[in-house]
Amino acid sequence: MVSDEAKQRMRAVAAHYPTLRSAILPALHIAQSEEGYLTQDALESVAEALRLNPDEVKSVATFYTMFFKEQPGKRVIKVCTSISCYLRGCDQLMTHLEERLGIKRGETTPDGRFTLLTTECLASCGTAPVLQVNDEFVENVTPESADTLLKELNQEIDSGLPPRRQGQPNGAAATGNVGARPAKSDKAGKPAKSAPASGKRSE
Amino acid sequence: MAQPELIITKHLNVPGMDTLAVYQQHGGYQALEKTLKAPFQPDEVVEMVKKSGLRGRGGAGFPTGTKWGFLPKESPKPRYLCCNADESEPGTFKDRMLMEKNPHLLVEGVILSAYATKVHHAFIYVRGELALAGRQVTRAVQEAYDAGYIGNNILGSGYDLEVTVHRGAGAYICGEESALMESLEGRRGYPRLKPPFPAVVGLYGGPTVINNAETLATVPAIIKNGPEWYASFGTEKSKGTRIYCLSGHVNEPGNYELPLGTPLRTLIEDYGGGVWKGKKLKAVVPGGSSTPFLTPDKLDTPMDFESIAAAGSMLGSAGVIVLDEDTCIIGAVLRMSEFYRDESCGKCTPCREGTYWMVELLERLEHGHGSEKDVPLLLDICDNISGKSFCPLGDAATSCIVSSIKLFRDEYLYHIREGRCMVGPGALAPAAAHA
């Protein structure tokens with residue numbers, strides 16, 4: 001069930017737009033965060049909050065790839081398979097993850113712990129190959145660092161922890177993307193690369 | 001080599017730059033204060049941006065000030081500004097970095113641009129997948145509200161502005177301006193017929209200005225230091241600096257802000273540390289996956305709009321993707337084409353059907369089952385999409401195919417003849433049995 005508090009938030013977010021209908025994507029994000037995917041109840045609660053028909057809400061929701069139509073795993077791993085990651089080995093990474101998890105891309109492990117998906121370019125081409133765990137970035141991933149990541153995620157799930165979030169409002173938000181650096185010839189003044197080479201989360 | 005002056009990424013790596021206090025310590029919101037306290041009239045700000053020579057950083061490179069000038073002077077409906085932060089062009093990763101590390105720069109740019117175009121409600125459309133970027137921009141907007149930079153009577157000027165951060169939900173097409181507006185209005189992200197252009201009939205039917213995030217983030221520096229200063233960087237027709245996103249087979253991929261007109265060779269060799277593993281260069285995509293390939297003989301091309309066009313490609317979003325000599329061109333083109341097949345919105349037939357069949361043909365070729373008819377057939381499909389689809393996504397889908405056949409036809413023919421790749425790991429595989 002979508003909570004009354006969530007419905008309240010949907011109405012509050014709609015106040016930021018000239019029309020109620022404009023809040024459909026934010027409201028769907030709120031609904032999905034409640035139950036992990038878009039249930040019929042979720043679609044109906046969005047429709048109710050924005051005074052739309054549930055079928056209309058569904059027709060919009062199905063256009064966008066981030067909304068799940070069935071319950072995903074506790075951790076959703078999305079591997080970028082677009083060109084820049086392809087050039088730096090995302091296919092090998094994907095195959096490695098499929099073997100480790102014992103599922104194919106697009107599937108969820110029978111124990112409901114992991115869903116493994118491919119995704120289009122995630123705007124992290126400078127730190128390819130890259131993946132996301134529940135929308136949070138993990139960059140410069142190698143098969144070895146992927147193993148470490150899976151181990152950590154399993155521990156988190158066992159401890160009942162919520163999915164991790166990147167960056168706190170204190171400047172730690174820096175991800176692996178590198179700003180402008182001095183040219184190669186200017187080695188003396190070269191700042192430390194902000195990209196973690198290990199593929200660890202940049203927290 | 002002297003480090004060129006940085007404009008947009010200047011304070012990017014200062015710890016805490018994503019907070020209001022640190023942003024202010026480094027000159028943040030001074031351009032806004034200067035504008036509202038001078039006060040500059042909105043038209044004066046438009047003139048300054050025109051004079052600076054700033055051109056759109058999203059892909060098309062249209063002069064920003066001129067675009068703003070298209071808005072009608074008076075209109076019965078409210079006017080809107082949309083910041084396009086739906087960054088999803090393969091090979092492009094600059095806007096995400098700006099939003100995560102220096103969100104206030106973008107917010108200040110949005111406020112200034114909204115003031116210049118007499119807009120009282122601005123939207124920042126952040127790509128859904130970029131969750132951290134969305135949180136950072138949302139927090140920056142809230143801090144700006146609390147500090148009185150957004151809201152009613154900003155800094156006592158009498159100017160009112162609302163800013164709404166809108167999170168997308170996964171659709172490349174929503175980076176196309178008319179699809180972005182559809183999505184903001186709460187519909188499926190289908191592009192709209194143009195004309196009318198957004199400047200006349202846009203969001204909620206009102207006159208609307210839509211600019212890329214990097215474009216808007218450049219505005220504060222132009223106001224603060226003057227248009228002449230900004231125009232002193234770059235080339236005669238491509239002014240200022242750009243964030244070049246370097247990825248693929250280079251030693252040091254990353255974002256590099258450089259003056260427009262910097263040679264491709266300088267970016268790849270001096271900044272990117274050259275092609276990785278000591279290999280030779282095979283090809284470069286200079287402006288995101290929607291732009292045609294360039295071959296190594298074009299390495300000395302200055303990276304500005306005109307020179308890259310003269311070399312046979314487009315500067316696009318400045319997503320520079322490097323391919324080494326061991327890359328099978330058909331494998332790479334197949335991967336790029338799969339993207340357009342998956343992201344085609346399905347509204348118009350040439351793009352929906354064409355991108356599907358292009359991938360089928362490329363797969364057949366890559367796996368050694370292609371026939372000689374496939375190359376002309378691919379070109380025929382491209383001809384039936386390019387210029388004949390509803391929005392630029394269809395045109396974009398043909399760039400890599402047409403240019404790769406033009407530049408690497410031998411490799412296509414090798415696949416057909418030998419049933420395997422000419423270079424890379426696929427070259428060692430046994431030839432596929434012809435069907």
# chains A, B, ... in the order shown; residues from 1 in each chain; ligands from 1
>>> interface_residues(of="chain B", to="chain A", cutoff="7 Å", atoms="only C-alpha atoms", output="MDAnalysis selection string")
chainID B and resid 1 3 9 12 15:19 87:88 90:93 96:97 100:101 129 131:132 164 167:171 184:188 246:249 253:257 270:271 273 321 332 335:336 339
>>> write_last_selection(atoms="C-alpha atoms", output="PDB file, in the first residue's frame")
ATOM      1  CA  MET B   1      52.743  23.836 -22.303  1.00  0.00           C
ATOM      2  CA  GLN B   3      47.628  25.515 -18.780  1.00  0.00           C
ATOM      3  CA  THR B   9      35.528  24.090 -14.329  1.00  0.00           C
ATOM      4  CA  LEU B  12      35.381  22.426  -9.671  1.00  0.00           C
ATOM      5  CA  PRO B  15      36.377  20.910  -1.374  1.00  0.00           C
ATOM      6  CA  GLY B  16      32.815  21.867  -0.492  1.00  0.00           C
ATOM      7  CA  MET B  17      32.250  23.696  -3.781  1.00  0.00           C
ATOM      8  CA  ASP B  18      28.785  22.173  -3.885  1.00  0.00           C
ATOM      9  CA  THR B  19      27.734  24.238  -0.862  1.00  0.00           C
ATOM     10  CA  GLU B  87      22.622  14.291 -20.439  1.00  0.00           C
ATOM     11  CA  SER B  88      22.548  10.932 -22.219  1.00  0.00           C
ATOM     12  CA  PRO B  90      26.907   8.286 -25.486  1.00  0.00           C
ATOM     13  CA  GLY B  91      30.401   9.637 -24.839  1.00  0.00           C
ATOM     14  CA  THR B  92      29.220  12.768 -23.021  1.00  0.00           C
ATOM     15  CA  PHE B  93      29.682  13.232 -19.286  1.00  0.00           C
ATOM     16  CA  ARG B  96      26.682  15.286 -14.748  1.00  0.00           C
ATOM     17  CA  MET B  97      30.080  16.407 -13.416  1.00  0.00           C
ATOM     18  CA  GLU B 100      27.484  16.837  -8.920  1.00  0.00           C
ATOM     19  CA  LYS B 101      30.431  19.074  -8.134  1.00  0.00           C
ATOM     20  CA  GLU B 129      19.465   7.980 -13.828  1.00  0.00           C
ATOM     21  CA  ALA B 131      20.365  10.426  -8.886  1.00  0.00           C
ATOM     22  CA  LEU B 132      23.246  12.180  -7.134  1.00  0.00           C
ATOM     23  CA  THR B 164      11.554  23.629 -10.202  1.00  0.00           C
ATOM     24  CA  ARG B 167      13.750  14.396 -12.456  1.00  0.00           C
ATOM     25  CA  GLY B 168      13.376  12.335 -15.623  1.00  0.00           C
ATOM     26  CA  ALA B 169      12.800   8.596 -15.589  1.00  0.00           C
ATOM     27  CA  GLY B 170      14.873   7.028 -18.335  1.00  0.00           C
ATOM     28  CA  ALA B 171      14.430   8.087 -21.974  1.00  0.00           C
ATOM     29  CA  LEU B 184       7.665  17.964 -18.367  1.00  0.00           C
ATOM     30  CA  GLU B 185       3.968  18.307 -19.096  1.00  0.00           C
ATOM     31  CA  GLY B 186       3.482  14.739 -17.842  1.00  0.00           C
ATOM     32  CA  ARG B 187       3.209  12.797 -21.087  1.00  0.00           C
ATOM     33  CA  ARG B 188       5.135  10.111 -22.949  1.00  0.00           C
ATOM     34  CA  LEU B 246      37.464  12.245 -23.630  1.00  0.00           C
ATOM     35  CA  SER B 247      36.694   8.516 -23.435  1.00  0.00           C
ATOM     36  CA  GLY B 248      37.513   5.178 -25.002  1.00  0.00           C
ATOM     37  CA  HIS B 249      40.996   3.883 -25.739  1.00  0.00           C
ATOM     38  CA  PRO B 253      40.086   9.642 -20.118  1.00  0.00           C
ATOM     39  CA  GLY B 254      38.239  12.505 -18.438  1.00  0.00           C
ATOM     40  CA  ASN B 255      36.742  15.957 -18.853  1.00  0.00           C
ATOM     41  CA  TYR B 256      39.094  18.662 -20.097  1.00  0.00           C
ATOM     42  CA  GLU B 257      38.020  22.276 -20.437  1.00  0.00           C
ATOM     43  CA  ASP B 270      48.834  15.837 -24.424  1.00  0.00           C
ATOM     44  CA  TYR B 271      45.779  15.668 -22.177  1.00  0.00           C
ATOM     45  CA  GLY B 273      48.138  10.708 -22.608  1.00  0.00           C
ATOM     46  CA  ILE B 321      35.430   8.791 -28.261  1.00  0.00           C
ATOM     47  CA  ALA B 332      31.636  -0.658 -32.539  1.00  0.00           C
ATOM     48  CA  ARG B 335      26.970  -1.254 -30.380  1.00  0.00           C
ATOM     49  CA  MET B 336      26.280   2.370 -31.250  1.00  0.00           C
ATOM     50  CA  PHE B 339      21.593   2.387 -28.616  1.00  0.00           C
TER      51      PHE B 339
END
>>> residues_around(residues="B:Ile401", least_positions_apart="3", cutoff="8 Å", atoms="only C-alpha atoms", output="ChimeraX atom specification")
/B:333,378-379,382,397-398,404-405
>>> write_last_selection(atoms="N, CA and C atoms", output="mmCIF file, in the first residue's frame")
data_model
loop_
_atom_site.group_PDB
_atom_site.id
_atom_site.type_symbol
_atom_site.label_atom_id
_atom_site.label_comp_id
_atom_site.auth_asym_id
_atom_site.auth_seq_id
_atom_site.Cartn_x
_atom_site.Cartn_y
_atom_site.Cartn_z
ATOM 1 N N VAL B 333 30.203 -0.064 -34.413
ATOM 2 C CA VAL B 333 29.019 0.551 -35.031
ATOM 3 C C VAL B 333 27.755 -0.197 -34.597
ATOM 4 N N LEU B 378 22.187 -1.305 -46.114
ATOM 5 C CA LEU B 378 22.359 -0.433 -44.941
ATOM 6 C C LEU B 378 22.303 1.035 -45.351
ATOM 7 N N LEU B 379 23.011 1.361 -46.428
ATOM 8 C CA LEU B 379 23.026 2.759 -46.892
ATOM 9 C C LEU B 379 21.635 3.200 -47.341
ATOM 10 N N CYS B 382 19.614 3.956 -44.267
ATOM 11 C CA CYS B 382 20.049 5.245 -43.717
ATOM 12 C C CYS B 382 19.453 6.398 -44.524
ATOM 13 N N ALA B 397 21.138 8.393 -35.806
ATOM 14 C CA ALA B 397 21.361 6.944 -35.874
ATOM 15 C C ALA B 397 22.114 6.537 -37.136
ATOM 16 N N THR B 398 22.073 7.376 -38.168
ATOM 17 C CA THR B 398 22.720 6.997 -39.427
ATOM 18 C C THR B 398 24.190 7.420 -39.501
ATOM 19 N N SER B 404 31.152 5.082 -41.332
ATOM 20 C CA SER B 404 32.038 3.912 -41.233
ATOM 21 C C SER B 404 32.114 3.169 -42.565
ATOM 22 N N ILE B 405 31.015 3.141 -43.305
ATOM 23 C CA ILE B 405 31.063 2.478 -44.621
ATOM 24 C C ILE B 405 31.944 3.289 -45.569
#
>>> atom_distance(atom1="atom CA of B:Phe233", atom2="atom CA of B:Gly59")
19.5 Å
>>> atom_distance(atom1="atom CA of B:Glu182", atom2="atom CA of B:Gly202")
9.4 Å
>>> select_by_dssp(residues="stretch 51-167 of chain A", states="helix (DSSP H, G or I)", output="VMD selection string")
chain A and resid 54 to 61 83 to 87 90 to 101 125 to 127 143 to 158
>>> select_by_dssp(residues="chain A", states="strand (DSSP E or B)", output="PyMOL selection string")
chain A and resi 75-80+108+114-119+131-133+136-138
>>> residues_around(residues="B:Asn251", least_positions_apart="4", cutoff="7 Å", atoms="only C-alpha atoms", output="VMD selection string")
chain B and resid 272 to 276
>>> closest_residue(among="B:Ile381, B:Tyr340, B:Leu334, B:Leu71", to="B:Glu363", atoms="only C-alpha atoms")
B:Leu334
>>> residues_around(residues="A:Gln32", least_positions_apart="5", cutoff="12 Å", atoms="only C-alpha atoms", output="PyMOL selection string")
(chain A and resi 1-3+6-7+10+25-27+37-43+45-46+61+66-72) or (chain B and resi 169)
>>> atom_distance(atom1="atom CA of B:Gly346", atom2="atom CA of B:Gly189")
10.3 Å
>>> closest_residue(among="B:Val107, B:Ala31, B:Met314, B:Leu112", to="B:Tyr145", atoms="only C-alpha atoms")
B:Val107
>>> residues_around(residues="A:Leu101", least_positions_apart="5", cutoff="10 Å", atoms="only C-alpha atoms", output="PDB file with N, CA and C atoms, in the first residue's frame")
ATOM      1  N   THR A  95      29.436 -10.407 -18.421  1.00  0.00           N
ATOM      2  CA  THR A  95      29.513 -11.869 -18.395  1.00  0.00           C
ATOM      3  C   THR A  95      29.979 -12.366 -17.022  1.00  0.00           C
ATOM      4  N   HIS A  96      30.951 -11.650 -16.459  1.00  0.00           N
ATOM      5  CA  HIS A  96      31.469 -12.007 -15.137  1.00  0.00           C
ATOM      6  C   HIS A  96      30.354 -11.932 -14.082  1.00  0.00           C
ATOM      7  N   GLU A 107      17.442 -10.598 -15.502  1.00  0.00           N
ATOM      8  CA  GLU A 107      16.807 -11.514 -14.542  1.00  0.00           C
ATOM      9  C   GLU A 107      17.071 -11.101 -13.088  1.00  0.00           C
ATOM     10  N   THR A 108      16.298 -11.723 -12.196  1.00  0.00           N
ATOM     11  CA  THR A 108      16.469 -11.519 -10.761  1.00  0.00           C
ATOM     12  C   THR A 108      16.837 -12.863 -10.138  1.00  0.00           C
ATOM     13  N   THR A 109      17.776 -12.853  -9.189  1.00  0.00           N
ATOM     14  CA  THR A 109      18.162 -14.123  -8.547  1.00  0.00           C
ATOM     15  C   THR A 109      16.946 -14.722  -7.838  1.00  0.00           C
ATOM     16  N   ARG A 113      17.575 -11.359  -4.146  1.00  0.00           N
ATOM     17  CA  ARG A 113      18.588 -10.408  -3.672  1.00  0.00           C
ATOM     18  C   ARG A 113      19.038  -9.445  -4.770  1.00  0.00           C
ATOM     19  N   PHE A 114      19.296  -9.966  -5.973  1.00  0.00           N
ATOM     20  CA  PHE A 114      19.864  -9.118  -7.028  1.00  0.00           C
ATOM     21  C   PHE A 114      19.053  -9.174  -8.320  1.00  0.00           C
ATOM     22  N   THR A 115      18.939  -7.988  -8.955  1.00  0.00           N
ATOM     23  CA  THR A 115      18.452  -7.912 -10.335  1.00  0.00           C
ATOM     24  C   THR A 115      19.612  -7.373 -11.156  1.00  0.00           C
ATOM     25  N   LEU A 116      19.864  -8.001 -12.308  1.00  0.00           N
ATOM     26  CA  LEU A 116      20.978  -7.586 -13.165  1.00  0.00           C
ATOM     27  C   LEU A 116      20.424  -7.061 -14.485  1.00  0.00           C
ATOM     28  N   LEU A 150      30.131  -7.266  -4.819  1.00  0.00           N
ATOM     29  CA  LEU A 150      29.057  -8.228  -4.550  1.00  0.00           C
ATOM     30  C   LEU A 150      29.114  -8.711  -3.103  1.00  0.00           C
TER      31      LEU A 150
END
>>> closest_residue(among="B:Thr117, B:Ser232, B:Asn13, B:Thr215", to="B:Asn102", atoms="only C-alpha atoms")
B:Asn13
